[in-house]
Amino acid sequence: MSVNINPQDESIGWKLYVGGSRLYFAKTIGSSPERFGLLWQKINPDLPLPRFSSDKSEYESLYEWQLEHHLSLTDFRRILLGLSREALIHAISYTKAYVKFESNTCVKPVLIAAPLSDLIKPIAGHVRFWQKIHTKISSPFSRIYLDRRKIKDFGKFWENANNILTTQKEMASSQNVKLQNVSLTDWLNILEQKLSIYEICRQLAIEPHILLAWLSPLIVSETLEVFPW
């Protein structure tokens, strides 16, 4: 059985393949090269990205990629779990969403059957983070933009980045990274392109929750604009 979860933004969605209390796979609905670009950087940067096409499902493409590159089932299961865990974070973080159940749909072959309770427990903190921020940002596909007229405001924020809220500093320090590790010029170049959160994180090699911990005060103050997918 699959469960389709669509938040208020109908242009995006998440699909969970489940059986009983076990998860077989989780993914976004539709092609998501931006998402894969970031996740692959973390999960398996030494191998090329799988080739996705409209006539095959994401899972089928991943499975063919595994066979083509002679990847062990152990390593491939690790990749499937990593991709599914990230999708699960976003799928269950929406408190208001349209949920559709479809019977007789499953991935083949079934290579993971992870208990949902085991998957949810370690990601609970990430889920709560996204639940809080959904009022401003619908998903990691949202695009962040800095208008040239507000460059001065962003520059002041960047200069005083060491004075951000303690909770934000703790989240950022968890990966030993700081806002000021990225030069002001680089920030301006990135934020003027209206890139998605996934794309920005790939360029900076950081996690989405770290990026948003940095930038959320600017989003709340509307120094930065947020656009849907």
# chains A, B, ... in the order shown; residues from 1 in each chain; ligands from 1
$ residues_around --residues "Leu80 in chain A" --least-positions-apart "5" --cutoff "12 Å" --atoms "only C-alpha atoms" --output "VMD selection string"
chain A and resid 23 to 27 39 to 40 43 to 44 58 to 60 62 to 63 66 73 to 75 85 to 88 107 110 to 114
$ write_last_selection --atoms "C-alpha atoms" --output "compact mmCIF listing (two decimals), in the first residue's frame"
# COMPACT_ATOMS: atom_id res chain seq x y z
CA LEU A 23 8.11 1.18 5.64
CA TYR A 24 9.37 -0.19 2.32
CA PHE A 25 10.36 3.12 0.76
CA ALA A 26 9.55 6.83 0.91
CA LYS A 27 9.99 9.44 -1.81
CA LEU A 39 21.21 13.81 -0.61
CA TRP A 40 23.66 12.09 -2.92
CA ILE A 43 24.90 9.48 1.05
CA ASN A 44 27.14 8.38 -1.81
CA GLU A 58 12.17 6.34 -8.86
CA TYR A 59 12.59 2.99 -7.14
CA GLU A 60 13.01 1.14 -10.45
CA LEU A 62 17.52 3.21 -8.26
CA TYR A 63 17.39 -0.56 -8.50
CA GLN A 66 22.42 -0.60 -8.16
CA LEU A 73 22.72 -5.12 -1.20
CA THR A 74 24.00 -3.95 2.18
CA ASP A 75 25.22 -0.65 0.73
CA ARG A 85 14.34 8.68 6.23
CA GLU A 86 14.71 12.15 4.74
CA ALA A 87 11.40 11.83 2.87
CA LEU A 88 9.68 10.57 6.01
CA VAL A 107 7.91 -1.35 -4.65
CA VAL A 110 11.19 -5.20 -1.49
CA LEU A 111 14.67 -4.69 -0.07
CA ILE A 112 13.93 -2.89 3.19
CA ALA A 113 11.07 -3.36 5.64
CA ALA A 114 11.94 -0.99 8.45
$ select_by_dssp --residues "chain A" --states "helix (DSSP H, G or I)" --output "PyMOL selection string"
chain A and resi 33-43+58-68+73-91+116-133+148-159+161-163+166-173+179-181+184-191+197-204+208-220
$ residues_around --residues "range 33-38 of chain A" --least-positions-apart "4" --cutoff "12 Å" --atoms "only C-alpha atoms" --output "PyMOL selection string"
chain A and resi 27-29+42-45+47-53+58+62+79+82-84+86-87+139-143+195-208+229
$ residues_around --residues "Trp158 in chain A" --least-positions-apart "4" --cutoff "9 Å" --atoms "only C-alpha atoms" --output "MDAnalysis selection string"
chainID A and resid 153:154 162 179:180 183:184
$ write_last_selection --atoms "all heavy atoms" --output "PDB file, in the first residue's frame"
ATOM      1  N   ASP A 153      20.449  45.255   4.794  1.00  0.00           N
ATOM      2  CA  ASP A 153      19.899  44.583   5.978  1.00  0.00           C
ATOM      3  C   ASP A 153      20.541  43.210   6.172  1.00  0.00           C
ATOM      4  O   ASP A 153      20.853  42.821   7.307  1.00  0.00           O
ATOM      5  CB  ASP A 153      18.379  44.424   5.834  1.00  0.00           C
ATOM      6  CG  ASP A 153      17.661  45.753   5.852  1.00  0.00           C
ATOM      7  OD1 ASP A 153      18.193  46.707   6.452  1.00  0.00           O
ATOM      8  OD2 ASP A 153      16.578  45.844   5.247  1.00  0.00           O
ATOM      9  N   PHE A 154      20.725  42.484   5.075  1.00  0.00           N
ATOM     10  CA  PHE A 154      21.359  41.174   5.191  1.00  0.00           C
ATOM     11  C   PHE A 154      22.805  41.334   5.655  1.00  0.00           C
ATOM     12  O   PHE A 154      23.291  40.547   6.476  1.00  0.00           O
ATOM     13  CB  PHE A 154      21.326  40.424   3.859  1.00  0.00           C
ATOM     14  CG  PHE A 154      21.899  39.041   3.947  1.00  0.00           C
ATOM     15  CD1 PHE A 154      21.113  37.963   4.308  1.00  0.00           C
ATOM     16  CD2 PHE A 154      23.260  38.810   3.703  1.00  0.00           C
ATOM     17  CE1 PHE A 154      21.645  36.687   4.425  1.00  0.00           C
ATOM     18  CE2 PHE A 154      23.807  37.537   3.816  1.00  0.00           C
ATOM     19  CZ  PHE A 154      22.990  36.482   4.174  1.00  0.00           C
ATOM     20  N   ASN A 162      27.227  36.246  15.166  1.00  0.00           N
ATOM     21  CA  ASN A 162      27.590  35.578  16.417  1.00  0.00           C
ATOM     22  C   ASN A 162      26.599  35.869  17.540  1.00  0.00           C
ATOM     23  O   ASN A 162      26.634  35.227  18.594  1.00  0.00           O
ATOM     24  CB  ASN A 162      28.987  36.016  16.867  1.00  0.00           C
ATOM     25  CG  ASN A 162      30.070  35.399  16.010  1.00  0.00           C
ATOM     26  OD1 ASN A 162      29.892  34.329  15.449  1.00  0.00           O
ATOM     27  ND2 ASN A 162      31.195  36.091  15.897  1.00  0.00           N
ATOM     28  N   LEU A 179      27.462  30.778  10.201  1.00  0.00           N
ATOM     29  CA  LEU A 179      26.980  31.624   9.110  1.00  0.00           C
ATOM     30  C   LEU A 179      28.131  32.364   8.451  1.00  0.00           C
ATOM     31  O   LEU A 179      28.191  32.485   7.228  1.00  0.00           O
ATOM     32  CB  LEU A 179      25.952  32.611   9.666  1.00  0.00           C
ATOM     33  CG  LEU A 179      25.330  33.595   8.684  1.00  0.00           C
ATOM     34  CD1 LEU A 179      24.336  32.887   7.783  1.00  0.00           C
ATOM     35  CD2 LEU A 179      24.639  34.728   9.431  1.00  0.00           C
ATOM     36  N   GLN A 180      29.056  32.851   9.267  1.00  0.00           N
ATOM     37  CA  GLN A 180      30.149  33.661   8.732  1.00  0.00           C
ATOM     38  C   GLN A 180      31.242  32.831   8.069  1.00  0.00           C
ATOM     39  O   GLN A 180      32.192  33.394   7.520  1.00  0.00           O
ATOM     40  CB  GLN A 180      30.728  34.536   9.850  1.00  0.00           C
ATOM     41  CG  GLN A 180      29.764  35.636  10.283  1.00  0.00           C
ATOM     42  CD  GLN A 180      30.301  36.442  11.451  1.00  0.00           C
ATOM     43  OE1 GLN A 180      31.061  35.930  12.263  1.00  0.00           O
ATOM     44  NE2 GLN A 180      29.893  37.697  11.544  1.00  0.00           N
ATOM     45  N   SER A 183      31.351  33.685   2.976  1.00  0.00           N
ATOM     46  CA  SER A 183      31.585  35.117   2.831  1.00  0.00           C
ATOM     47  C   SER A 183      30.299  35.845   2.470  1.00  0.00           C
ATOM     48  O   SER A 183      29.361  35.258   1.902  1.00  0.00           O
ATOM     49  CB  SER A 183      32.638  35.378   1.753  1.00  0.00           C
ATOM     50  OG  SER A 183      32.109  35.125   0.465  1.00  0.00           O
ATOM     51  N   LEU A 184      30.250  37.124   2.786  1.00  0.00           N
ATOM     52  CA  LEU A 184      29.077  37.925   2.464  1.00  0.00           C
ATOM     53  C   LEU A 184      28.845  37.940   0.957  1.00  0.00           C
ATOM     54  O   LEU A 184      27.702  37.851   0.492  1.00  0.00           O
ATOM     55  CB  LEU A 184      29.252  39.348   2.997  1.00  0.00           C
ATOM     56  CG  LEU A 184      28.102  40.317   2.726  1.00  0.00           C
ATOM     57  CD1 LEU A 184      26.803  39.789   3.319  1.00  0.00           C
ATOM     58  CD2 LEU A 184      28.433  41.697   3.284  1.00  0.00           C
TER      59      LEU A 184
END
$ residues_around --residues "Glu222 in chain A" --least-positions-apart "5" --cutoff "12 Å" --atoms "only C-alpha atoms" --output "PyMOL selection string"
chain A and resi 136+144-147+150+153-154+215-217+227
$ write_last_selection --atoms "all heavy atoms" --output "compact mmCIF listing (two decimals), in the first residue's frame"
# COMPACT_ATOMS: atom_id res chain seq x y z
N LYS A 136 6.07 29.42 7.55
CA LYS A 136 6.82 30.32 6.68
C LYS A 136 7.37 29.61 5.44
O LYS A 136 7.52 30.22 4.38
CB LYS A 136 7.99 30.94 7.45
CG LYS A 136 7.58 31.85 8.60
CD LYS A 136 6.90 33.11 8.09
CE LYS A 136 6.54 34.04 9.24
NZ LYS A 136 5.86 35.26 8.77
N ILE A 144 14.39 30.66 -1.82
CA ILE A 144 14.69 31.81 -0.98
C ILE A 144 15.36 32.89 -1.83
O ILE A 144 16.26 32.60 -2.62
CB ILE A 144 15.60 31.40 0.20
CG1 ILE A 144 14.87 30.39 1.09
CG2 ILE A 144 16.00 32.62 1.02
CD1 ILE A 144 15.69 29.89 2.25
N TYR A 145 14.92 34.13 -1.62
CA TYR A 145 15.39 35.21 -2.49
C TYR A 145 15.68 36.46 -1.67
O TYR A 145 14.93 36.81 -0.75
CB TYR A 145 14.32 35.52 -3.54
CG TYR A 145 14.63 36.72 -4.42
CD1 TYR A 145 15.70 36.70 -5.31
CD2 TYR A 145 13.85 37.87 -4.34
CE1 TYR A 145 15.98 37.79 -6.10
CE2 TYR A 145 14.11 38.97 -5.14
CZ TYR A 145 15.19 38.93 -6.02
OH TYR A 145 15.48 40.01 -6.82
N LEU A 146 16.79 37.12 -2.01
CA LEU A 146 17.15 38.39 -1.39
C LEU A 146 17.05 39.49 -2.43
O LEU A 146 17.81 39.50 -3.41
CB LEU A 146 18.58 38.32 -0.82
CG LEU A 146 19.13 39.63 -0.24
CD1 LEU A 146 18.34 40.03 1.02
CD2 LEU A 146 20.61 39.51 0.09
N ASP A 147 16.13 40.40 -2.22
CA ASP A 147 15.98 41.54 -3.11
C ASP A 147 17.17 42.48 -2.91
O ASP A 147 17.63 42.69 -1.78
CB ASP A 147 14.67 42.27 -2.79
CG ASP A 147 14.34 43.33 -3.83
OD1 ASP A 147 15.03 44.38 -3.83
OD2 ASP A 147 13.40 43.12 -4.61
N LYS A 150 17.42 45.02 -0.17
CA LYS A 150 17.57 44.60 1.22
C LYS A 150 18.96 44.01 1.51
O LYS A 150 19.17 43.38 2.53
CB LYS A 150 16.49 43.58 1.58
CG LYS A 150 15.09 44.17 1.48
CD LYS A 150 14.02 43.18 1.88
CE LYS A 150 12.63 43.83 1.82
NZ LYS A 150 11.55 42.89 2.20
N ASP A 153 20.45 45.25 4.79
CA ASP A 153 19.90 44.58 5.98
C ASP A 153 20.54 43.21 6.17
O ASP A 153 20.85 42.82 7.31
CB ASP A 153 18.38 44.42 5.83
CG ASP A 153 17.66 45.75 5.85
OD1 ASP A 153 18.19 46.71 6.45
OD2 ASP A 153 16.58 45.84 5.25
N PHE A 154 20.72 42.48 5.08
CA PHE A 154 21.36 41.17 5.19
C PHE A 154 22.81 41.33 5.65
O PHE A 154 23.29 40.55 6.48
CB PHE A 154 21.33 40.42 3.86
CG PHE A 154 21.90 39.04 3.95
CD1 PHE A 154 21.11 37.96 4.31
CD2 PHE A 154 23.26 38.81 3.70
CE1 PHE A 154 21.65 36.69 4.42
CE2 PHE A 154 23.81 37.54 3.82
CZ PHE A 154 22.99 36.48 4.17
N LEU A 215 18.87 31.33 8.80
CA LEU A 215 18.14 32.33 8.03
C LEU A 215 16.73 32.63 8.53
O LEU A 215 16.11 33.58 8.06
CB LEU A 215 18.07 31.90 6.55
CG LEU A 215 19.41 31.69 5.84
CD1 LEU A 215 19.16 31.37 4.37
CD2 LEU A 215 20.32 32.90 5.98
N SER A 216 16.20 31.82 9.45
CA SER A 216 14.82 32.03 9.86
C SER A 216 14.53 33.43 10.40
O SER A 216 13.44 33.97 10.13
CB SER A 216 14.41 30.96 10.88
OG SER A 216 15.26 30.97 12.01
N PRO A 217 15.45 34.09 11.15
CA PRO A 217 15.14 35.47 11.58
C PRO A 217 14.95 36.41 10.40
O PRO A 217 14.11 37.32 10.45
CB PRO A 217 16.37 35.86 12.41
CG PRO A 217 16.94 34.57 12.86
CD PRO A 217 16.72 33.62 11.74
N PHE A 227 9.49 31.72 -1.83
CA PHE A 227 8.57 31.37 -2.90
C PHE A 227 8.36 29.85 -2.90
O PHE A 227 9.28 29.10 -2.63
CB PHE A 227 9.13 31.81 -4.25
CG PHE A 227 9.29 33.29 -4.39
CD1 PHE A 227 10.46 33.92 -3.98
CD2 PHE A 227 8.27 34.07 -4.91
CE1 PHE A 227 10.62 35.30 -4.08
CE2 PHE A 227 8.42 35.45 -5.03
CZ PHE A 227 9.59 36.06 -4.60
$ residues_around --residues "Thr135 in chain A" --least-positions-apart "4" --cutoff "12 Å" --atoms "only C-alpha atoms" --output "list in words"
Pro7, Gln8, Asp9, Ser93, Tyr94, Thr95, Lys96, Phe129, Trp130, Gln131, Ser139, Ser216, Ile219, Val220 and Val226 of chain A
$ residues_around --residues "Val3 in chain A" --least-positions-apart "3" --cutoff "12 Å" --atoms "only C-alpha atoms" --output "PyMOL selection string"
chain A and resi 6+13-19+23-29+88+91-92+97-106
$ write_last_selection --atoms "N, CA and C atoms" --output "CSV table (one decimal), in the first residue's frame"
chain,number,residue,atom,x,y,z
A,6,ASN,N,0.0,15.2,0.6
A,6,ASN,CA,0.2,16.5,-0.1
A,6,ASN,C,-0.1,17.6,0.9
A,13,GLY,N,4.6,16.8,-3.0
A,13,GLY,CA,4.0,15.8,-2.2
A,13,GLY,C,5.0,14.7,-1.9
A,14,TRP,N,4.6,13.8,-1.0
A,14,TRP,CA,5.4,12.7,-0.6
A,14,TRP,C,4.7,11.4,-0.6
A,15,LYS,N,5.3,10.3,-0.9
A,15,LYS,CA,4.7,9.0,-1.0
A,15,LYS,C,5.4,8.0,-0.1
A,16,LEU,N,4.7,7.3,0.7
A,16,LEU,CA,5.2,6.3,1.6
A,16,LEU,C,4.7,4.9,1.1
A,17,TYR,N,5.5,4.0,0.9
A,17,TYR,CA,5.1,2.6,0.6
A,17,TYR,C,5.2,1.8,1.9
A,18,VAL,N,4.1,1.4,2.4
A,18,VAL,CA,4.1,0.7,3.7
A,18,VAL,C,3.3,-0.6,3.7
A,19,GLY,N,3.6,-1.4,4.6
A,19,GLY,CA,2.9,-2.7,4.8
A,19,GLY,C,2.8,-2.9,6.3
A,23,LEU,N,7.9,0.3,6.8
A,23,LEU,CA,8.1,1.2,5.6
A,23,LEU,C,9.0,0.5,4.6
A,24,TYR,N,8.6,0.4,3.4
A,24,TYR,CA,9.4,-0.2,2.3
A,24,TYR,C,10.2,0.8,1.6
A,25,PHE,N,9.6,2.1,1.5
A,25,PHE,CA,10.4,3.1,0.8
A,25,PHE,C,9.6,4.4,0.9
A,26,ALA,N,10.2,5.5,0.9
A,26,ALA,CA,9.6,6.8,0.9
A,26,ALA,C,10.2,7.8,-0.1
A,27,LYS,N,9.5,8.6,-0.7
A,27,LYS,CA,10.0,9.4,-1.8
A,27,LYS,C,9.1,10.7,-2.0
A,28,THR,N,9.6,11.6,-2.8
A,28,THR,CA,8.8,12.7,-3.2
A,28,THR,C,7.9,12.3,-4.3
A,29,ILE,N,6.8,13.0,-4.6
A,29,ILE,CA,6.0,12.7,-5.7
A,29,ILE,C,6.5,13.5,-6.9
A,88,LEU,N,10.6,10.8,4.9
A,88,LEU,CA,9.7,10.6,6.0
A,88,LEU,C,9.6,11.8,6.9
A,91,ALA,N,7.3,14.1,5.1
A,91,ALA,CA,5.9,13.6,5.0
A,91,ALA,C,5.1,13.7,6.2
A,92,ILE,N,5.7,13.4,7.4
A,92,ILE,CA,5.0,13.4,8.6
A,92,ILE,C,5.0,14.7,9.4
A,97,ALA,N,-2.6,18.3,5.9
A,97,ALA,CA,-2.2,17.7,4.6
A,97,ALA,C,-3.3,16.9,4.1
A,98,TYR,N,-3.4,16.7,2.8
A,98,TYR,CA,-4.3,15.8,2.1
A,98,TYR,C,-3.6,14.4,2.1
A,99,VAL,N,-4.2,13.4,2.6
A,99,VAL,CA,-3.7,12.1,2.6
A,99,VAL,C,-4.5,11.1,1.8
A,100,LYS,N,-3.9,10.4,0.9
A,100,LYS,CA,-4.6,9.5,0.0
A,100,LYS,C,-4.0,8.1,0.1
A,101,PHE,N,-4.8,7.1,0.4
A,101,PHE,CA,-4.3,5.7,0.5
A,101,PHE,C,-4.6,5.0,-0.8
A,102,GLU,N,-3.6,4.2,-1.2
A,102,GLU,CA,-3.7,3.4,-2.5
A,102,GLU,C,-3.4,2.0,-2.1
A,103,SER,N,-4.3,1.1,-2.3
A,103,SER,CA,-4.0,-0.3,-2.1
A,103,SER,C,-3.4,-1.0,-3.3
A,104,ASN,N,-2.8,-2.1,-3.1
A,104,ASN,CA,-2.2,-2.9,-4.2
A,104,ASN,C,-1.1,-2.1,-5.0
A,105,THR,N,-0.4,-1.2,-4.3
A,105,THR,CA,0.8,-0.6,-4.9
A,105,THR,C,2.0,-0.8,-3.9
A,106,CYS,N,3.1,-1.2,-4.5
A,106,CYS,CA,4.3,-1.5,-3.7
A,106,CYS,C,5.5,-1.4,-4.6
$ closest_residue --among "A:Asp55, A:Arg149, A:Arg128, A:Gly20" --to "Thr223 in chain A" --atoms "only C-alpha atoms"
A:Arg149
